[in-house]
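Here the structure comes first, spelled out in structure tokens, and everything after it is commentary.
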Amino acid sequence: MKVLGVAVSSGVLHFGALDAPQGAAAVALDGAPARLVPAAGLAGAERLADTFDRITQDLRILAPDAVVLVGTRKHGNWTYKEATERISLISALMLSCAQQNVVYEELKSEQIGRLVGLPPASLGTLSHETIGLTQRPPYWNAGRGAAFAAALAYVTDGSED
């Protein structure tokens, strides 16, 4: 099973792609994209369409069985720009998953933390060695660690059935 974890942070989609073969430990997928930064030269509908197209391209290449989003922890004090950016990124991701027939799920950080054994506010502290990496990859603290934690939680939760 291939699972793509996604965390949205500072207007960027951070990716954590895992391969979890039946009966084996989940490991990071080689060559998977680390993140998607929306095009700076575009705005509004053009930016949203471009983001959707780029997410769709990544999904076609990765061919995950599921995409798991780290749920929003912040529930107040949003600026309109912050909220719009986050909602646009998540909407593009959801639509792309629907178009590509990829299972989409959002997990709360509390659930992810419980499944991977970390405090909900510290998902980015997941050890990279847990997923077979010898070095911490780029953007780990920016959101990629949390994305890998979400993917691992999804795999772990599915293996308990």
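All residue names refer to the structure tokens as shown: chains lettered A, B, ... in order, residues numbered from 1 in each chain, ligands numbered from 1 in order.
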
Need to verify the contact set: Asp50 (chain A), 12 Å, only C-alpha atoms, exclusion of same-chain residues closer than 3 positions in sequence. Can you return it as a PyMOL selection string? chain A and resi 36-47+53-57+88-89+92-93+96

Just to be explicit: take each residue in the selection above, keep N, CA and C atoms, and write the result as a JSON list (two decimals), in the first residue's frame.
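Everything below was put into result33.json:
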[["chain", "number", "residue", "atom", "x", "y", "z"],
["A", 36, "LEU", "N", 4.91, 20.98, -2.35],
["A", 36, "LEU", "CA", 4.39, 21.74, -3.48],
["A", 36, "LEU", "C", 4.18, 23.16, -3.01],
["A", 37, "VAL", "N", 4.89, 24.08, -3.66],
["A", 37, "VAL", "CA", 4.77, 25.50, -3.36],
["A", 37, "VAL", "C", 3.94, 26.11, -4.48],
["A", 38, "PRO", "N", 2.79, 26.73, -4.16],
["A", 38, "PRO", "CA", 1.98, 27.35, -5.20],
["A", 38, "PRO", "C", 2.77, 28.39, -5.99],
["A", 39, "ALA", "N", 2.45, 28.52, -7.26],
["A", 39, "ALA", "CA", 3.15, 29.44, -8.15],
["A", 39, "ALA", "C", 3.00, 30.88, -7.67],
["A", 40, "ALA", "N", 4.12, 31.54, -7.46],
["A", 40, "ALA", "CA", 4.12, 32.91, -6.96],
["A", 40, "ALA", "C", 3.62, 33.91, -8.00],
["A", 41, "GLY", "N", 3.78, 33.60, -9.27],
["A", 41, "GLY", "CA", 3.40, 34.53, -10.32],
["A", 41, "GLY", "C", 1.94, 34.48, -10.70],
["A", 42, "LEU", "N", 1.17, 33.64, -10.05],
["A", 42, "LEU", "CA", -0.25, 33.50, -10.36],
["A", 42, "LEU", "C", -1.08, 33.91, -9.16],
["A", 43, "ALA", "N", -2.33, 34.26, -9.43],
["A", 43, "ALA", "CA", -3.25, 34.65, -8.36],
["A", 43, "ALA", "C", -4.64, 34.13, -8.69],
["A", 44, "GLY", "N", -5.47, 34.06, -7.66],
["A", 44, "GLY", "CA", -6.88, 33.72, -7.84],
["A", 44, "GLY", "C", -7.12, 32.38, -8.49],
["A", 45, "ALA", "N", -8.04, 32.38, -9.46],
["A", 45, "ALA", "CA", -8.44, 31.14, -10.12],
["A", 45, "ALA", "C", -7.29, 30.48, -10.86],
["A", 46, "GLU", "N", -6.41, 31.28, -11.46],
["A", 46, "GLU", "CA", -5.27, 30.72, -12.19],
["A", 46, "GLU", "C", -4.33, 29.98, -11.24],
["A", 47, "ARG", "N", -4.11, 30.54, -10.07],
["A", 47, "ARG", "CA", -3.24, 29.90, -9.08],
["A", 47, "ARG", "C", -3.86, 28.60, -8.58],
["A", 53, "ASP", "N", -3.59, 21.23, -10.97],
["A", 53, "ASP", "CA", -2.90, 20.48, -12.02],
["A", 53, "ASP", "C", -1.60, 19.86, -11.52],
["A", 54, "ARG", "N", -0.87, 20.59, -10.70],
["A", 54, "ARG", "CA", 0.41, 20.08, -10.18],
["A", 54, "ARG", "C", 0.19, 18.96, -9.16],
["A", 55, "ILE", "N", -0.83, 19.09, -8.32],
["A", 55, "ILE", "CA", -1.15, 18.01, -7.38],
["A", 55, "ILE", "C", -1.56, 16.76, -8.16],
["A", 56, "THR", "N", -2.40, 16.95, -9.17],
["A", 56, "THR", "CA", -2.86, 15.83, -9.99],
["A", 56, "THR", "C", -1.68, 15.13, -10.65],
["A", 57, "GLN", "N", -0.74, 15.89, -11.15],
["A", 57, "GLN", "CA", 0.46, 15.31, -11.77],
["A", 57, "GLN", "C", 1.24, 14.48, -10.74],
["A", 88, "SER", "N", -7.92, 26.80, -0.15],
["A", 88, "SER", "CA", -7.66, 26.58, -1.58],
["A", 88, "SER", "C", -6.76, 25.38, -1.79],
["A", 89, "LEU", "N", -5.69, 25.27, -0.99],
["A", 89, "LEU", "CA", -4.78, 24.14, -1.12],
["A", 89, "LEU", "C", -5.48, 22.82, -0.82],
["A", 92, "ALA", "N", -8.01, 21.93, -3.61],
["A", 92, "ALA", "CA", -7.33, 21.41, -4.80],
["A", 92, "ALA", "C", -6.90, 19.97, -4.56],
["A", 93, "LEU", "N", -6.39, 19.68, -3.37],
["A", 93, "LEU", "CA", -5.99, 18.32, -3.03],
["A", 93, "LEU", "C", -7.18, 17.36, -3.05],
["A", 96, "SER", "N", -8.42, 16.77, -6.62],
["A", 96, "SER", "CA", -7.48, 15.93, -7.35],
["A", 96, "SER", "C", -7.63, 14.46, -6.95]]

Would you please extract all helix (DSSP H, G or I) residues from region 6-121 of chain A, as assigned by DSSP on the backbone, and give them as a VMD selection string? chain A and resid 44 to 62 80 to 99 109 to 116 120 to 121

Just the strand (DSSP E or B) stuff from chain A, please, per backbone DSSP, written as a VMD selection string. chain A and resid 2 to 9 12 to 19 27 to 28 35 to 36 66 to 70 103 to 107

Excluding Ala142 (chain A) and any residue of its chain fewer than 4 positions from it, enumerate the residues within 8 Å of it, using only C-alpha atoms, and give them as a PDB file with N, CA, C and O atoms, in the first residue's frame.
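Result file selection.pdb:
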ATOM      1  N   SER A   9       1.323  23.958   5.675  1.00  0.00           N
ATOM      2  CA  SER A   9       1.993  24.875   6.588  1.00  0.00           C
ATOM      3  C   SER A   9       2.550  26.056   5.811  1.00  0.00           C
ATOM      4  O   SER A   9       3.231  25.867   4.799  1.00  0.00           O
ATOM      5  N   HIS A  14       3.196  20.015   2.225  1.00  0.00           N
ATOM      6  CA  HIS A  14       4.358  19.173   2.516  1.00  0.00           C
ATOM      7  C   HIS A  14       3.932  17.716   2.386  1.00  0.00           C
ATOM      8  O   HIS A  14       2.872  17.332   2.896  1.00  0.00           O
ATOM      9  N   GLY A 124       5.923  16.638  14.081  1.00  0.00           N
ATOM     10  CA  GLY A 124       7.154  16.824  13.317  1.00  0.00           C
ATOM     11  C   GLY A 124       8.382  16.252  13.985  1.00  0.00           C
ATOM     12  O   GLY A 124       9.461  16.227  13.385  1.00  0.00           O
TER      13      GLY A 124
END

Taking only residues of region 14-44 of chain A that have an atom at most 12 Å from an atom of region 152-158 of chain A, what is each one's shortest atom pair and its distance in Å to one decimal, using only C-alpha atoms, in chain and number order, as CSV?
residue,atom,partner,partner_atom,distance
A:Gly16,CA,A:Leu152,CA,9.1
A:Ala17,CA,A:Leu152,CA,9.2
A:Leu18,CA,A:Leu152,CA,7.4
A:Asp19,CA,A:Val155,CA,9.2
A:Ala20,CA,A:Val155,CA,7.1
A:Pro21,CA,A:Val155,CA,9.9
A:Gln22,CA,A:Val155,CA,10.2
A:Gly23,CA,A:Val155,CA,11.2
A:Ala24,CA,A:Val155,CA,10.9
A:Ala25,CA,A:Val155,CA,9.6
A:Ala26,CA,A:Leu152,CA,7.2
A:Val27,CA,A:Leu152,CA,9.0
A:Ala28,CA,A:Leu152,CA,9.8

Ser109 (chain A) proximity check over A:Arg73, A:Arg35, A:Lys2, A:Arg60, using only C-alpha atoms: winner is A:Arg73

Tell me, as a PDB file with N, CA, C and O atoms, in the first residue's frame, which residues lie within 10 Å of region 117-122 of chain A, counting only C-alpha atoms; anything in the same chain fewer than 2 positions away does not count.
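Output saved as out_13.pdb:
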ATOM      1  N   ARG A  73      -5.008  22.434  13.243  1.00  0.00           N
ATOM      2  CA  ARG A  73      -5.003  22.606  14.707  1.00  0.00           C
ATOM      3  C   ARG A  73      -5.467  24.009  15.087  1.00  0.00           C
ATOM      4  O   ARG A  73      -6.012  24.218  16.153  1.00  0.00           O
ATOM      5  N   LYS A 108      -7.201  14.019  12.540  1.00  0.00           N
ATOM      6  CA  LYS A 108      -6.856  15.031  13.533  1.00  0.00           C
ATOM      7  C   LYS A 108      -5.487  14.709  14.114  1.00  0.00           C
ATOM      8  O   LYS A 108      -5.111  13.534  14.227  1.00  0.00           O
ATOM      9  N   SER A 109      -4.779  15.737  14.503  1.00  0.00           N
ATOM     10  CA  SER A 109      -3.432  15.524  15.035  1.00  0.00           C
ATOM     11  C   SER A 109      -3.456  14.671  16.307  1.00  0.00           C
ATOM     12  O   SER A 109      -2.515  13.926  16.574  1.00  0.00           O
ATOM     13  N   GLU A 110      -4.549  14.728  17.061  1.00  0.00           N
ATOM     14  CA  GLU A 110      -4.670  13.888  18.260  1.00  0.00           C
ATOM     15  C   GLU A 110      -4.690  12.404  17.880  1.00  0.00           C
ATOM     16  O   GLU A 110      -4.052  11.574  18.532  1.00  0.00           O
ATOM     17  N   GLN A 111      -5.420  12.081  16.831  1.00  0.00           N
ATOM     18  CA  GLN A 111      -5.495  10.691  16.375  1.00  0.00           C
ATOM     19  C   GLN A 111      -4.143  10.236  15.812  1.00  0.00           C
ATOM     20  O   GLN A 111      -3.684   9.136  16.102  1.00  0.00           O
ATOM     21  N   ILE A 112      -3.511  11.096  15.028  1.00  0.00           N
ATOM     22  CA  ILE A 112      -2.189  10.768  14.479  1.00  0.00           C
ATOM     23  C   ILE A 112      -1.209  10.531  15.619  1.00  0.00           C
ATOM     24  O   ILE A 112      -0.487   9.535  15.640  1.00  0.00           O
ATOM     25  N   GLY A 113      -1.185  11.449  16.570  1.00  0.00           N
ATOM     26  CA  GLY A 113      -0.275  11.330  17.709  1.00  0.00           C
ATOM     27  C   GLY A 113      -0.479  10.053  18.491  1.00  0.00           C
ATOM     28  O   GLY A 113       0.484   9.382  18.874  1.00  0.00           O
ATOM     29  N   ARG A 114      -1.740   9.690  18.712  1.00  0.00           N
ATOM     30  CA  ARG A 114      -2.045   8.454  19.440  1.00  0.00           C
ATOM     31  C   ARG A 114      -1.506   7.239  18.682  1.00  0.00           C
ATOM     32  O   ARG A 114      -0.916   6.333  19.274  1.00  0.00           O
ATOM     33  N   LEU A 115      -1.671   7.231  17.381  1.00  0.00           N
ATOM     34  CA  LEU A 115      -1.267   6.071  16.578  1.00  0.00           C
ATOM     35  C   LEU A 115       0.251   5.949  16.407  1.00  0.00           C
ATOM     36  O   LEU A 115       0.771   4.850  16.255  1.00  0.00           O
ATOM     37  N   GLY A 124       5.923  16.638  14.081  1.00  0.00           N
ATOM     38  CA  GLY A 124       7.154  16.824  13.317  1.00  0.00           C
ATOM     39  C   GLY A 124       8.382  16.252  13.985  1.00  0.00           C
ATOM     40  O   GLY A 124       9.461  16.227  13.385  1.00  0.00           O
ATOM     41  N   THR A 125       8.234  15.765  15.217  1.00  0.00           N
ATOM     42  CA  THR A 125       9.380  15.173  15.908  1.00  0.00           C
ATOM     43  C   THR A 125       9.490  13.667  15.631  1.00  0.00           C
ATOM     44  O   THR A 125      10.359  13.008  16.200  1.00  0.00           O
ATOM     45  N   LEU A 126       8.635  13.153  14.748  1.00  0.00           N
ATOM     46  CA  LEU A 126       8.735  11.753  14.352  1.00  0.00           C
ATOM     47  C   LEU A 126      10.167  11.476  13.900  1.00  0.00           C
ATOM     48  O   LEU A 126      10.750  12.255  13.146  1.00  0.00           O
ATOM     49  N   ASN A 141      11.011  19.864   9.600  1.00  0.00           N
ATOM     50  CA  ASN A 141      10.378  20.672  10.654  1.00  0.00           C
ATOM     51  C   ASN A 141       9.297  21.601  10.110  1.00  0.00           C
ATOM     52  O   ASN A 141       8.417  22.025  10.856  1.00  0.00           O
ATOM     53  N   GLY A 145       7.716  16.266   8.357  1.00  0.00           N
ATOM     54  CA  GLY A 145       7.689  15.271   9.428  1.00  0.00           C
ATOM     55  C   GLY A 145       6.265  14.932   9.830  1.00  0.00           C
ATOM     56  O   GLY A 145       5.911  13.766  10.031  1.00  0.00           O
ATOM     57  N   ALA A 146       5.424  15.957   9.929  1.00  0.00           N
ATOM     58  CA  ALA A 146       4.013  15.749  10.264  1.00  0.00           C
ATOM     59  C   ALA A 146       3.294  14.986   9.154  1.00  0.00           C
ATOM     60  O   ALA A 146       2.430  14.140   9.424  1.00  0.00           O
ATOM     61  N   ALA A 149       4.162  11.456   9.553  1.00  0.00           N
ATOM     62  CA  ALA A 149       3.451  10.931  10.717  1.00  0.00           C
ATOM     63  C   ALA A 149       2.013  10.582  10.351  1.00  0.00           C
ATOM     64  O   ALA A 149       1.485   9.546  10.780  1.00  0.00           O
ATOM     65  N   ALA A 153       0.443   6.925  10.532  1.00  0.00           N
ATOM     66  CA  ALA A 153      -0.764   6.701  11.337  1.00  0.00           C
ATOM     67  C   ALA A 153      -1.827   5.973  10.518  1.00  0.00           C
ATOM     68  O   ALA A 153      -2.473   5.046  11.007  1.00  0.00           O
TER      69      ALA A 153
END

So which residues touch Ser10 (chain A) within 9 Å, counting only C-alpha atoms, skipping near sequence neighbours fewer than 3 positions away, as a ChimeraX atom specification? /A:13,82,85-86,142

d(CA of Ala98 (chain A), CA of Gly76 (chain A)) in Å: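 Distance reported for this atom pair: 28.6 Å.
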
Using only C-alpha atoms: which of A:Cys97, A:Leu48, A:Ile131, A:Ala151 has the shortest distance to Thr84 (chain A): A:Leu48

Give the answer as one residue: which of A:Thr130, A:Val8, A:Leu29, A:Val102 has the shortest atom-to-atom distance to Gly143 (chain A), using only C-alpha atoms? A:Val8

Near region 62-65 of chain A, within 7 Å and counting only C-alpha atoms, which residues show up once chain neighbours fewer than 4 positions away are dropped, as a ChimeraX atom specification? /A:1-4,32,58,102-103

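Proximity to Glu106 (chain A) at 9 Å, evaluated using only C-alpha atoms and with sequence-adjacent residues fewer than 6 positions away removed, yields Val67, Val68, Leu69, Val70, Gly71 and Ala150 of chain A.
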
Residues just named, written with C-alpha atoms as a PDB file, in the first residue's frame:
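Listing of again-v8.pdb after writing:
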ATOM      1  CA  VAL A  67      -3.926  10.513   0.733  1.00  0.00           C
ATOM      2  CA  VAL A  68      -4.064  11.553   4.377  1.00  0.00           C
ATOM      3  CA  LEU A  69      -4.214  15.190   5.440  1.00  0.00           C
ATOM      4  CA  VAL A  70      -3.078  16.421   8.849  1.00  0.00           C
ATOM      5  CA  GLY A  71      -6.140  18.224  10.197  1.00  0.00           C
ATOM      6  CA  ALA A 150      -0.008  11.145   9.107  1.00  0.00           C
TER       7      ALA A 150
END
